[in-house]
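See below for protein.csv, which holds CSV, C-alpha atoms.
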```
chain,number,residue,atom,x,y,z
A,18,MET,CA,45.5,32.9,-52.1
A,19,THR,CA,47.8,34.4,-54.7
A,20,HIS,CA,47.5,33.4,-58.4
A,21,SER,CA,49.8,34.2,-61.3
A,22,ILE,CA,47.6,34.5,-64.4
A,23,GLY,CA,47.5,31.3,-66.4
A,24,ILE,CA,49.8,29.1,-64.3
A,25,ARG,CA,47.2,26.4,-63.7
A,26,ALA,CA,46.1,26.2,-67.4
A,27,ARG,CA,49.6,26.7,-68.7
A,28,PHE,CA,50.9,23.3,-67.5
A,29,GLY,CA,48.7,21.2,-69.7
A,30,VAL,CA,49.3,23.5,-72.7
A,31,CYS,CA,53.1,23.5,-72.3
A,32,LEU,CA,53.1,19.7,-71.9
A,33,ALA,CA,51.1,19.3,-75.1
A,34,ALA,CA,53.3,21.8,-76.9
A,35,GLY,CA,56.4,20.0,-75.7
A,36,MET,CA,55.2,16.7,-77.0
A,37,VAL,CA,54.6,18.4,-80.4
A,38,ALA,CA,58.1,19.9,-80.4
A,39,LEU,CA,59.6,16.5,-79.6
A,40,ALA,CA,57.7,15.0,-82.4
A,41,LEU,CA,59.0,17.6,-84.9
A,42,ARG,CA,62.5,18.1,-83.6
A,43,GLY,CA,65.2,17.2,-86.0
A,44,GLY,CA,62.9,16.8,-89.0
A,45,PRO,CA,61.2,19.0,-91.6
A,46,VAL,CA,58.6,21.4,-90.4
A,47,GLY,CA,55.4,19.8,-91.8
A,48,PRO,CA,55.1,18.3,-95.2
A,49,TRP,CA,56.8,21.2,-97.1
A,50,ASP,CA,60.2,21.0,-98.9
A,51,ARG,CA,61.7,24.1,-97.2
A,52,ASP,CA,64.8,24.1,-99.4
A,53,ALA,CA,62.7,24.3,-102.5
A,54,LEU,CA,60.4,27.0,-101.1
A,55,TYR,CA,63.5,29.1,-100.2
A,56,LYS,CA,64.6,29.4,-103.8
A,57,THR,CA,63.5,32.5,-105.7
A,58,PRO,CA,60.4,31.3,-107.7
A,59,ARG,CA,60.2,31.6,-111.5
A,60,CYS,CA,58.1,34.6,-112.4
A,61,PHE,CA,55.7,35.3,-115.3
A,62,GLU,CA,54.5,38.7,-116.5
A,63,ALA,CA,51.0,39.8,-115.6
A,64,ALA,CA,51.1,43.2,-117.2
A,65,GLU,CA,47.3,43.1,-118.0
A,66,PHE,CA,46.7,43.5,-114.2
A,67,ALA,CA,49.1,46.4,-113.7
A,68,THR,CA,47.6,49.1,-111.5
A,69,ASN,CA,48.6,52.0,-109.2
A,70,GLY,CA,52.3,51.7,-109.6
A,71,VAL,CA,52.7,48.3,-108.1
A,72,THR,CA,54.2,45.3,-109.9
A,73,THR,CA,51.8,42.4,-110.9
A,74,VAL,CA,53.2,39.0,-111.4
A,75,PHE,CA,52.5,35.3,-111.4
A,76,TYR,CA,55.1,33.1,-109.8
A,77,GLU,CA,55.5,29.3,-109.9
A,78,SER,CA,54.3,27.3,-106.9
A,79,GLU,CA,53.5,23.7,-106.0
A,80,PRO,CA,51.9,21.2,-108.4
A,81,TYR,CA,48.2,20.5,-107.9
A,82,GLN,CA,46.6,17.3,-109.1
A,83,GLY,CA,49.7,16.6,-111.2
A,84,ARG,CA,49.8,19.9,-113.0
A,85,PRO,CA,51.9,23.1,-112.4
A,86,THR,CA,50.4,26.1,-110.6
A,87,ARG,CA,51.1,29.8,-110.4
A,88,VAL,CA,50.3,32.3,-107.7
A,89,PHE,CA,49.1,35.8,-108.5
A,90,ALA,CA,50.6,38.7,-106.5
A,91,TYR,CA,51.1,42.4,-106.2
A,92,TYR,CA,54.4,43.8,-104.9
A,93,GLY,CA,55.8,47.3,-104.6
A,94,LEU,CA,58.7,49.3,-103.2
A,95,PRO,CA,58.7,52.6,-101.3
A,96,ALA,CA,60.0,55.8,-102.8
A,97,GLY,CA,63.7,56.0,-102.5
A,98,ALA,CA,64.4,52.3,-102.3
A,99,SER,CA,67.6,51.2,-104.1
A,100,SER,CA,70.3,48.6,-103.9
A,101,ALA,CA,72.4,51.2,-102.1
A,102,LYS,CA,69.5,52.1,-99.8
A,103,LYS,CA,67.8,48.8,-98.9
A,104,VAL,CA,64.5,48.9,-97.1
A,105,PRO,CA,62.7,46.4,-94.8
A,106,GLY,CA,59.9,44.3,-96.2
A,107,ILE,CA,56.6,42.6,-95.2
A,108,VAL,CA,54.6,39.7,-96.6
A,109,LEU,CA,50.8,40.2,-96.4
A,110,ILE,CA,48.4,37.3,-96.3
A,111,HIS,CA,44.8,38.0,-96.9
A,112,GLY,CA,41.8,36.6,-95.2
A,113,GLY,CA,38.6,34.7,-96.2
A,114,ALA,CA,36.9,36.0,-99.3
A,115,GLY,CA,40.0,38.1,-99.9
A,116,SER,CA,42.7,38.1,-102.5
A,117,ALA,CA,45.9,40.0,-103.3
A,118,PHE,CA,45.3,43.6,-102.2
A,119,VAL,CA,46.8,46.6,-104.0
A,120,ARG,CA,45.8,49.0,-101.2
A,121,TRP,CA,47.6,46.9,-98.5
A,122,VAL,CA,50.8,46.9,-100.5
A,123,LYS,CA,50.6,50.6,-101.0
A,124,LEU,CA,49.9,51.2,-97.3
A,125,TRP,CA,53.1,49.5,-96.4
A,126,ASN,CA,55.0,51.2,-99.2
A,127,SER,CA,53.9,54.5,-97.7
A,128,ARG,CA,55.4,53.4,-94.4
A,129,GLY,CA,58.8,52.8,-96.0
A,130,TYR,CA,58.4,49.0,-96.5
A,131,ALA,CA,58.7,46.8,-99.6
A,132,ALA,CA,55.5,44.6,-99.6
A,133,ILE,CA,54.0,41.7,-101.4
A,134,SER,CA,50.4,40.5,-101.2
A,135,MET,CA,49.6,37.2,-102.9
A,136,ASP,CA,46.4,35.3,-103.6
A,137,THR,CA,46.2,32.0,-101.7
A,138,CYS,CA,43.2,30.5,-103.5
A,139,GLY,CA,44.2,30.1,-107.1
A,140,ALA,CA,42.6,33.4,-108.2
A,141,VAL,CA,43.5,36.7,-109.6
A,142,SER,CA,42.4,39.9,-107.9
A,143,GLY,CA,40.4,42.6,-109.5
A,144,ASN,CA,42.5,45.6,-110.2
A,145,ALA,CA,40.1,48.3,-108.9
A,146,TYR,CA,42.1,50.1,-106.1
A,147,GLY,CA,40.4,49.5,-102.8
A,148,ASP,CA,37.8,47.1,-104.3
A,149,GLU,CA,40.0,44.2,-105.5
A,150,GLN,CA,37.2,41.7,-105.2
A,151,LYS,CA,35.6,43.0,-108.4
A,152,GLY,CA,36.9,40.8,-111.1
A,153,HIS,CA,38.2,38.2,-108.5
A,154,ARG,CA,38.2,34.9,-110.4
A,155,ARG,CA,40.1,31.7,-110.7
A,156,HIS,CA,42.8,31.5,-113.3
A,157,ALA,CA,44.2,28.8,-115.6
A,158,TRP,CA,47.1,27.8,-113.3
A,159,SER,CA,45.2,27.7,-110.1
A,160,GLY,CA,45.7,25.5,-107.1
A,161,PRO,CA,42.9,24.4,-104.7
A,162,PRO,CA,40.3,27.0,-103.8
A,163,GLY,CA,40.0,28.3,-100.2
A,164,TRP,CA,39.4,28.4,-97.4
A,165,GLY,CA,40.2,25.6,-94.9
A,166,GLY,CA,39.6,22.7,-97.3
A,167,PHE,CA,37.6,20.8,-94.6
A,168,ASP,CA,36.0,18.6,-97.2
A,169,ASN,CA,39.3,17.5,-98.7
A,170,TYR,CA,41.0,15.8,-95.7
A,171,GLY,CA,41.1,12.6,-97.7
A,172,ASP,CA,43.0,14.1,-100.6
A,173,PRO,CA,46.7,13.7,-101.0
A,174,VAL,CA,48.4,16.1,-98.6
A,175,ALA,CA,50.1,18.1,-101.5
A,176,ASP,CA,46.7,18.7,-103.0
A,177,GLN,CA,45.1,20.3,-100.0
A,178,TRP,CA,44.5,24.1,-99.5
A,179,THR,CA,46.7,24.8,-96.5
A,180,TYR,CA,49.6,23.1,-98.1
A,181,HIS,CA,49.3,25.3,-101.1
A,182,ALA,CA,48.5,28.5,-99.2
A,183,VAL,CA,51.6,28.2,-97.0
A,184,ALA,CA,53.8,27.4,-100.0
A,185,ALA,CA,52.4,30.5,-101.8
A,186,ALA,CA,53.3,32.7,-98.8
A,187,VAL,CA,56.8,31.3,-98.4
A,188,ARG,CA,57.5,31.5,-102.1
A,189,GLY,CA,56.2,35.1,-102.0
A,190,HIS,CA,58.7,35.8,-99.2
A,191,SER,CA,61.5,34.3,-101.3
A,192,LEU,CA,60.5,36.6,-104.2
A,193,LEU,CA,60.4,39.7,-102.1
A,194,ARG,CA,63.7,39.1,-100.4
A,195,SER,CA,65.4,38.5,-103.8
A,196,LEU,CA,64.8,42.1,-104.9
A,197,PRO,CA,68.0,44.1,-104.7
A,198,GLU,CA,66.3,47.0,-102.9
A,199,VAL,CA,65.1,44.8,-100.0
A,200,ASP,CA,67.2,44.0,-96.9
A,201,ALA,CA,66.4,40.2,-96.6
A,202,SER,CA,67.3,40.3,-92.9
A,203,ARG,CA,64.4,42.7,-92.2
A,204,VAL,CA,61.3,41.1,-93.7
A,205,GLY,CA,58.3,40.5,-91.5
A,206,LEU,CA,54.9,38.8,-91.9
A,207,THR,CA,51.3,39.6,-91.1
A,208,GLY,CA,48.0,38.1,-92.0
A,209,ILE,CA,44.3,38.7,-91.3
A,210,SER,CA,41.7,36.1,-90.2
A,211,TRP,CA,42.5,33.0,-92.4
A,212,GLY,CA,45.6,35.0,-93.2
A,213,GLY,CA,46.4,35.1,-89.5
A,214,TYR,CA,45.8,31.4,-89.3
A,215,LEU,CA,48.3,31.0,-92.1
A,216,THR,CA,50.7,33.4,-90.5
A,217,CYS,CA,51.0,31.0,-87.5
A,218,ILE,CA,52.0,28.2,-89.7
A,219,VAL,CA,54.2,30.1,-92.2
A,220,ALA,CA,56.2,31.6,-89.3
A,221,ALA,CA,57.2,28.1,-88.2
A,222,VAL,CA,57.9,26.8,-91.7
A,223,ASP,CA,59.9,29.8,-92.8
A,224,ASP,CA,62.5,30.8,-90.2
A,225,ARG,CA,63.8,33.7,-92.2
A,226,PHE,CA,61.2,36.2,-91.0
A,227,ALA,CA,62.1,39.0,-88.5
A,228,PHE,CA,58.7,39.1,-86.9
A,229,ALA,CA,55.1,37.7,-87.3
A,230,VAL,CA,51.8,39.4,-86.6
A,231,PRO,CA,48.6,37.2,-86.8
A,232,VAL,CA,45.5,39.4,-86.8
A,233,TYR,CA,42.5,37.5,-85.3
A,234,GLY,CA,43.8,34.1,-86.5
A,235,CYS,CA,45.3,31.5,-84.2
A,236,GLY,CA,45.4,27.7,-83.6
A,237,PHE,CA,43.6,25.1,-81.5
A,238,LEU,CA,40.6,25.4,-83.9
A,239,GLY,CA,39.4,21.9,-82.8
A,240,ASP,CA,39.1,23.1,-79.2
A,241,ASN,CA,37.1,26.2,-80.0
A,242,SER,CA,36.5,28.2,-83.1
A,243,THR,CA,33.7,29.2,-85.5
A,244,TRP,CA,34.3,25.8,-87.2
A,245,ILE,CA,33.8,23.6,-84.1
A,246,ASP,CA,30.5,22.2,-85.4
A,247,ARG,CA,32.3,21.5,-88.7
A,248,PHE,CA,34.9,19.4,-86.9
A,249,HIS,CA,32.2,17.5,-85.0
A,250,GLY,CA,30.4,16.8,-88.3
A,251,MET,CA,33.6,15.4,-89.8
A,252,GLY,CA,33.9,12.7,-87.1
A,253,LYS,CA,36.7,12.3,-84.7
A,254,VAL,CA,39.0,10.4,-87.1
A,255,ASN,CA,38.6,12.8,-90.0
A,256,ALA,CA,38.8,15.9,-87.9
A,257,GLY,CA,41.9,14.5,-86.3
A,258,LYS,CA,43.4,14.1,-89.8
A,259,TRP,CA,42.8,17.7,-90.7
A,260,LEU,CA,43.9,19.1,-87.3
A,261,GLY,CA,47.0,16.9,-87.2
A,262,LEU,CA,48.1,18.3,-90.6
A,263,TRP,CA,46.8,21.9,-90.6
A,264,ASP,CA,46.1,23.2,-87.1
A,265,PRO,CA,48.6,25.9,-86.1
A,266,SER,CA,49.0,24.3,-82.7
A,267,VAL,CA,51.1,21.7,-84.4
A,268,TYR,CA,53.5,24.4,-85.7
A,269,LEU,CA,53.6,27.3,-83.3
A,270,PRO,CA,56.3,25.6,-81.0
A,271,ARG,CA,58.7,25.7,-84.0
A,272,ALA,CA,58.4,29.5,-84.6
A,273,GLU,CA,61.7,31.4,-84.0
A,274,MET,CA,60.7,35.0,-84.3
A,275,PRO,CA,58.9,37.4,-82.0
A,276,PHE,CA,55.1,37.6,-82.4
A,277,LEU,CA,52.5,40.3,-81.9
A,278,TRP,CA,48.9,39.0,-81.6
A,279,VAL,CA,46.2,41.5,-82.6
A,280,THR,CA,42.5,40.7,-82.0
A,281,GLY,CA,39.2,41.7,-80.4
A,282,SER,CA,37.6,40.4,-77.2
A,283,ASN,CA,34.5,39.1,-79.0
A,284,ASP,CA,36.0,37.8,-82.2
A,285,PHE,CA,33.5,35.4,-83.8
A,286,ALA,CA,36.0,33.1,-85.5
A,287,TYR,CA,39.0,32.8,-83.2
A,288,PRO,CA,37.9,33.1,-79.5
A,289,MET,CA,40.2,34.2,-76.7
A,290,ASP,CA,40.6,30.7,-75.2
A,291,SER,CA,42.1,29.3,-78.4
A,292,LEU,CA,44.1,32.5,-78.8
A,293,GLN,CA,45.6,32.0,-75.3
A,294,LYS,CA,46.5,28.4,-76.0
A,295,SER,CA,48.2,29.6,-79.2
A,296,TYR,CA,50.5,32.3,-77.7
A,297,ARG,CA,51.3,30.0,-74.8
A,298,ALA,CA,52.4,27.3,-77.3
A,299,LEU,CA,55.2,29.6,-78.6
A,300,LYS,CA,58.8,29.3,-77.4
A,301,VAL,CA,59.6,32.9,-78.4
A,302,PRO,CA,58.5,36.3,-77.0
A,303,SER,CA,55.1,37.5,-77.9
A,304,THR,CA,53.0,40.6,-77.3
A,305,LEU,CA,49.2,40.9,-77.1
A,306,CYS,CA,46.9,43.7,-78.3
A,307,VAL,CA,43.3,42.8,-77.4
A,308,ARG,CA,40.8,45.6,-78.0
A,309,LEU,CA,37.2,45.4,-76.7
A,310,ARG,CA,34.9,44.4,-79.6
A,311,MET,CA,37.4,45.0,-82.3
A,312,PRO,CA,35.7,44.5,-85.7
A,313,HIS,CA,36.7,41.6,-87.8
A,314,GLY,CA,37.9,42.3,-91.4
A,315,HIS,CA,40.3,43.9,-93.8
A,316,GLY,CA,40.5,47.6,-94.3
A,317,ALA,CA,40.9,49.8,-91.3
A,318,ALA,CA,39.9,47.1,-88.8
A,319,GLY,CA,42.6,44.5,-89.6
A,320,GLU,CA,45.2,46.4,-91.7
A,321,ASN,CA,45.6,49.6,-89.8
A,322,PRO,CA,46.1,48.9,-86.0
A,323,ALA,CA,49.1,51.2,-85.1
A,324,GLU,CA,50.6,48.5,-83.0
A,325,ILE,CA,51.5,46.5,-86.1
A,326,LEU,CA,53.7,49.2,-87.5
A,327,ALA,CA,55.2,50.1,-84.2
A,328,PHE,CA,56.1,46.4,-83.6
A,329,ALA,CA,57.6,46.1,-87.1
A,330,ASP,CA,59.6,49.3,-86.8
A,331,SER,CA,61.0,48.1,-83.4
A,332,LEU,CA,62.4,45.0,-85.0
A,333,THR,CA,63.5,46.3,-88.4
A,334,ARG,CA,64.2,50.0,-88.1
A,335,GLY,CA,65.4,50.6,-84.5
A,336,GLY,CA,62.1,51.9,-83.2
A,337,LYS,CA,61.1,51.7,-79.6
A,338,PRO,CA,59.6,48.4,-78.5
A,339,LEU,CA,56.0,48.2,-77.3
A,340,PRO,CA,55.6,48.3,-73.5
A,341,ALA,CA,55.5,44.9,-71.9
A,342,PHE,CA,53.8,43.4,-68.9
A,343,THR,CA,56.4,41.7,-66.6
A,344,ARG,CA,54.0,40.4,-64.0
A,345,VAL,CA,50.3,40.2,-63.4
A,346,MET,CA,49.2,38.7,-60.0
A,347,ARG,CA,45.8,38.2,-58.5
A,348,GLU,CA,45.2,37.7,-54.8
A,349,GLY,CA,41.5,37.2,-54.2
A,350,ARG,CA,39.8,40.0,-56.0
A,351,THR,CA,42.9,42.3,-56.0
A,352,VAL,CA,45.0,42.5,-59.2
A,353,LYS,CA,48.5,44.0,-59.2
A,354,ALA,CA,50.6,44.3,-62.4
A,355,ALA,CA,54.0,45.5,-63.3
A,356,PHE,CA,55.3,46.6,-66.8
A,357,VAL,CA,58.2,48.2,-68.6
A,358,CYS,CA,57.6,51.2,-70.7
A,359,ASN,CA,60.4,50.5,-73.2
A,360,GLY,CA,61.0,54.2,-73.8
A,361,ARG,CA,57.3,55.0,-74.4
A,362,ALA,CA,55.0,57.1,-72.2
A,363,VAL,CA,52.2,54.9,-70.7
A,364,VAL,CA,49.4,57.3,-69.8
A,365,LYS,CA,46.4,55.1,-69.1
A,366,ALA,CA,45.4,51.6,-67.9
A,367,GLU,CA,42.1,49.8,-68.2
A,368,LEU,CA,40.7,46.8,-66.4
A,369,ASN,CA,38.6,44.9,-69.0
A,370,VAL,CA,36.0,42.7,-67.3
A,371,THR,CA,32.9,40.6,-68.2
A,372,LYS,CA,30.4,39.1,-65.8
A,373,ASP,CA,29.2,36.6,-68.4
A,374,ALA,CA,29.8,33.0,-68.9
A,375,GLY,CA,29.1,31.2,-72.2
A,376,LYS,CA,30.4,31.9,-75.7
A,377,TRP,CA,33.3,34.3,-76.0
A,378,LYS,CA,31.7,36.2,-78.9
A,379,GLU,CA,28.6,36.9,-76.9
A,380,LYS,CA,30.2,38.2,-73.7
A,381,ALA,CA,29.5,41.8,-72.7
A,382,TRP,CA,32.7,43.6,-71.7
A,383,GLU,CA,33.3,46.8,-69.8
A,384,ALA,CA,36.5,48.9,-69.7
A,385,LEU,CA,37.1,50.3,-66.2
A,386,PRO,CA,39.8,53.0,-65.6
A,387,VAL,CA,42.3,51.9,-63.1
A,388,ALA,CA,45.3,53.6,-61.4
A,389,VAL,CA,48.6,53.4,-63.2
A,390,GLN,CA,51.9,54.7,-61.9
A,391,THR,CA,55.2,55.0,-63.8
A,392,GLY,CA,58.7,55.8,-62.4
A,393,PRO,CA,61.8,57.5,-63.7
A,394,ASP,CA,63.4,54.0,-64.3
A,395,GLY,CA,60.9,53.2,-67.1
A,396,THR,CA,58.8,50.8,-65.1
A,397,GLY,CA,55.2,51.0,-64.0
A,398,THR,CA,52.5,49.4,-61.9
A,399,VAL,CA,48.8,48.9,-62.1
A,400,ASP,CA,46.4,48.2,-59.2
A,401,ALA,CA,42.8,47.1,-59.7
A,402,GLN,CA,40.0,45.6,-57.8
A,403,LEU,CA,37.6,43.0,-59.2
A,404,SER,CA,33.9,42.9,-58.2
A,405,GLU,CA,32.4,39.6,-57.1
A,406,GLN,CA,30.5,39.2,-60.4
A,407,VAL,CA,33.5,39.3,-62.7
A,408,THR,CA,34.1,36.1,-64.5
A,409,VAL,CA,37.0,37.0,-66.8
A,410,PHE,CA,39.4,40.0,-66.8
A,411,TYR,CA,42.5,41.3,-68.5
A,412,LEU,CA,44.4,44.6,-68.4
A,413,ASN,CA,45.3,47.1,-71.1
A,414,ILE,CA,48.0,49.7,-70.9
A,415,VAL,CA,47.8,52.6,-73.3
A,416,THR,CA,50.6,54.9,-74.5
A,417,ASP,CA,50.4,58.6,-75.2
A,418,ASP,CA,50.1,57.9,-79.0
A,419,GLY,CA,47.3,55.3,-78.5
A,420,LEU,CA,49.2,52.1,-78.6
A,421,VAL,CA,47.6,49.3,-76.6
A,422,VAL,CA,49.3,46.3,-74.9
A,423,SER,CA,47.3,43.7,-73.2
A,424,SER,CA,47.9,41.2,-70.4
A,425,GLU,CA,46.7,37.6,-70.7
A,426,HIS,CA,43.1,37.1,-69.7
A,427,GLU,CA,42.2,35.1,-66.6
A,428,VAL,CA,39.0,33.1,-66.1
A,429,LEU,CA,38.0,33.2,-62.5
A,430,ASP,CA,36.9,30.1,-60.6
```

Take the structure I supplied and represent it as structure tokens, if you would.
Amino acid sequence: MTHSIGIRARFGVCLAAGMVALALRGGPVGPWDRDALYKTPRCFEAAEFATNGVTTVFYESEPYQGRPTRVFAYYGLPAGASSAKKVPGIVLIHGGAGSAFVRWVKLWNSRGYAAISMDTCGAVSGNAYGDEQKGHRRHAWSGPPGWGGFDNYGDPVADQWTYHAVAAAVRGHSLLRSLPEVDASRVGLTGISWGGYLTCIVAAVDDRFAFAVPVYGCGFLGDNSTWIDRFHGMGKVNAGKWLGLWDPSVYLPRAEMPFLWVTGSNDFAYPMDSLQKSYRALKVPSTLCVRLRMPHGHGAAGENPAEILAFADSLTRGGKPLPAFTRVMREGRTVKAAFVCNGRAVVKAELNVTKDAGKWKEKAWEALPVAVQTGPDGTGTVDAQLSEQVTVFYLNIVTDDGLVVSSEHEVLD
């Protein structure tokens, strides 16, 4: 019998996503006032935090418990940027225990992008380059602390953490795109861990972005995630309140820009089943990059995957798109896939398999080399054989410069 990957599971997800889309259609995207968030925020000097040639600033955000708040951020421009030579931009959303990161801004400046990194938890970042957590502390105009706000589901919606964190990111985008050196039509978005979670929501709330790249983070947290016991402890009603307001599954069907999902096979927080439900909930094109046992964190792990820059350049600077799978079919234990190279040289393919059941983070994976063929027309094929013990598989194709593109995984009956 022939199976197309995910067809059986996809029906239920698409039905749920369609119901969400119908519920949201024609109205605002969530509880935010998008028109207000799209205005350039009022800014306040933060010269005492100046460091490493980036601009430090507080900007006005949403009221919290009846008082005004401000968001701390770093932003910077690449060398040569001017109003006559506008550059693309990127909004950077940090993960748990993180803050605004100078080094992340500087990384993207070195790549030719304007960049902004804001704190999402009412804090200021320490100004030690590469060690911004030193001196990380809440400030006098802070909103709610992070992350998740699971204990605050009964608070007014506008006092909860996700509401403020999303608003902080959208207002940061409004600030970055207001700079005369930035081409507002070429600004993208990426976030790591909790920042990837926020990226999924921000991309739906803010339709001005050119692309979105969640790293690790996804939706369907109430189905499976590192917080599943937390939701069970909240009780069905209270968990439903939080998930109905703040789970990315509610928002992903409204996103209007291409996505790249970057993660690892054994991510402890955002497992592959919830990730799959998330990218299937989208109504826009998306690309996967799933490396075996990719570490979870900022720094080299989450900030530097080369696929992120390649994806950004393809959508903002005329770069070559990443390769893309066009078909993956399984007949019994035989897998056949087709892909397009999109002007890149695909030189290797891997069949990633596990023989384990149980928790995703505990599965033992093996990467098996498989035959890959490419033709003069820029298309290619992969043929692989699954052993009887394999419980889950997916394919990776690899370019000559090390870029990885993954197929969807399939769980075998």

Using all atoms listed in the file, find the one residue out of A:Leu193, A:Cys306, A:Ala132, A:Val389 that sits nearest to Lys56 in chain A. A:Leu193

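For the pair CA of Lys372 in chain A and CA of Ser291 in chain A, the interatomic distance is 19.8 Å.
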
In Å, how far is it from CA of Ala354 in chain A to CA of Ala329 in chain A? 25.7 Å

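For Val199 in chain A, the set of protein, DNA and RNA residues having any atom at most 6 Å away, when counting only C-alpha atoms and skipping those fewer than 2 positions along the same chain, is Lys103, Val104, Pro105, Arg194, Leu196, Pro197 and Ala201 of chain A.
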
For Arg361 in chain A, please output as a list in words all residues within 7 Å (counting only C-alpha atoms; exclusion window: fewer than 3 positions along the same chain). Pro340, Cys358 and Thr416 of chain A

At most 6 Å from (61.5, 40.8, -83.9), file frame, only C-alpha atoms: which residues, as a PDB file with C-alpha atoms, in the frame of the given file?
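What landed in result.pdb:
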```
ATOM      1  CA  ALA A 227      62.100  39.000 -88.500  1.00  0.00           C
ATOM      2  CA  PHE A 228      58.700  39.100 -86.900  1.00  0.00           C
ATOM      3  CA  MET A 274      60.700  35.000 -84.300  1.00  0.00           C
ATOM      4  CA  PRO A 275      58.900  37.400 -82.000  1.00  0.00           C
ATOM      5  CA  LEU A 332      62.400  45.000 -85.000  1.00  0.00           C
TER       6      LEU A 332
END
```

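Counting from CA of Gly171 in chain A, the distance to CA of Cys138 in chain A is 18.9 Å.
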
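In terms of minimum interatomic distance to Trp49 in chain A, A:Tyr180 ranks closest within A:Trp259, A:Tyr214, A:Tyr268, A:Tyr180, counting only C-alpha atoms.
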
Contact residues around Glu379 in chain A with all atoms listed in the file at 12 Å, ignoring same-chain residues under 6 positions, as a VMD selection string: chain A and resid 282 to 286 288 to 289 310 371 to 373

Same residues, C-alpha atoms, output as a PDB file, keeping the file's coordinate frame:
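What follows is the written file part-v3.pdb:
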```pdb
ATOM      1  CA  SER A 282      37.600  40.400 -77.200  1.00  0.00           C
ATOM      2  CA  ASN A 283      34.500  39.100 -79.000  1.00  0.00           C
ATOM      3  CA  ASP A 284      36.000  37.800 -82.200  1.00  0.00           C
ATOM      4  CA  PHE A 285      33.500  35.400 -83.800  1.00  0.00           C
ATOM      5  CA  ALA A 286      36.000  33.100 -85.500  1.00  0.00           C
ATOM      6  CA  PRO A 288      37.900  33.100 -79.500  1.00  0.00           C
ATOM      7  CA  MET A 289      40.200  34.200 -76.700  1.00  0.00           C
ATOM      8  CA  ARG A 310      34.900  44.400 -79.600  1.00  0.00           C
ATOM      9  CA  THR A 371      32.900  40.600 -68.200  1.00  0.00           C
ATOM     10  CA  LYS A 372      30.400  39.100 -65.800  1.00  0.00           C
ATOM     11  CA  ASP A 373      29.200  36.600 -68.400  1.00  0.00           C
TER      12      ASP A 373
END
```

Nearest to Tyr411 in chain A by atom-to-atom distance, counting only C-alpha atoms, from A:Thr396, A:Val307, A:Pro265, A:Gly314: A:Val307

Contacts of range 116-118 of chain A within 9 Å, all atoms listed in the file, excl. fewer than 2 positions in-chain, as an MDAnalysis selection string: chainID A and resid 89:91 109:114 120:123 133:138 140:144 146:150 153

Residues from the last selection, C-alpha atoms, saved as a compact mmCIF listing (two decimals), keeping the file's coordinate frame:
```
# COMPACT_ATOMS: atom_id res chain seq x y z
CA PHE A 89 49.10 35.80 -108.50
CA ALA A 90 50.60 38.70 -106.50
CA TYR A 91 51.10 42.40 -106.20
CA LEU A 109 50.80 40.20 -96.40
CA ILE A 110 48.40 37.30 -96.30
CA HIS A 111 44.80 38.00 -96.90
CA GLY A 112 41.80 36.60 -95.20
CA GLY A 113 38.60 34.70 -96.20
CA ALA A 114 36.90 36.00 -99.30
CA ARG A 120 45.80 49.00 -101.20
CA TRP A 121 47.60 46.90 -98.50
CA VAL A 122 50.80 46.90 -100.50
CA LYS A 123 50.60 50.60 -101.00
CA ILE A 133 54.00 41.70 -101.40
CA SER A 134 50.40 40.50 -101.20
CA MET A 135 49.60 37.20 -102.90
CA ASP A 136 46.40 35.30 -103.60
CA THR A 137 46.20 32.00 -101.70
CA CYS A 138 43.20 30.50 -103.50
CA ALA A 140 42.60 33.40 -108.20
CA VAL A 141 43.50 36.70 -109.60
CA SER A 142 42.40 39.90 -107.90
CA GLY A 143 40.40 42.60 -109.50
CA ASN A 144 42.50 45.60 -110.20
CA TYR A 146 42.10 50.10 -106.10
CA GLY A 147 40.40 49.50 -102.80
CA ASP A 148 37.80 47.10 -104.30
CA GLU A 149 40.00 44.20 -105.50
CA GLN A 150 37.20 41.70 -105.20
CA HIS A 153 38.20 38.20 -108.50
```

From the options A:Leu309, A:Phe226, A:Gly395, A:Leu403, which residue's atoms come nearest to Glu383 in chain A, counting all atoms listed in the file? A:Leu309

Determine the nearest neighbour of Tyr287 in chain A from the options A:Leu299, A:Ala374, A:Cys235, A:Ala101, counting all atoms listed in the file. A:Cys235
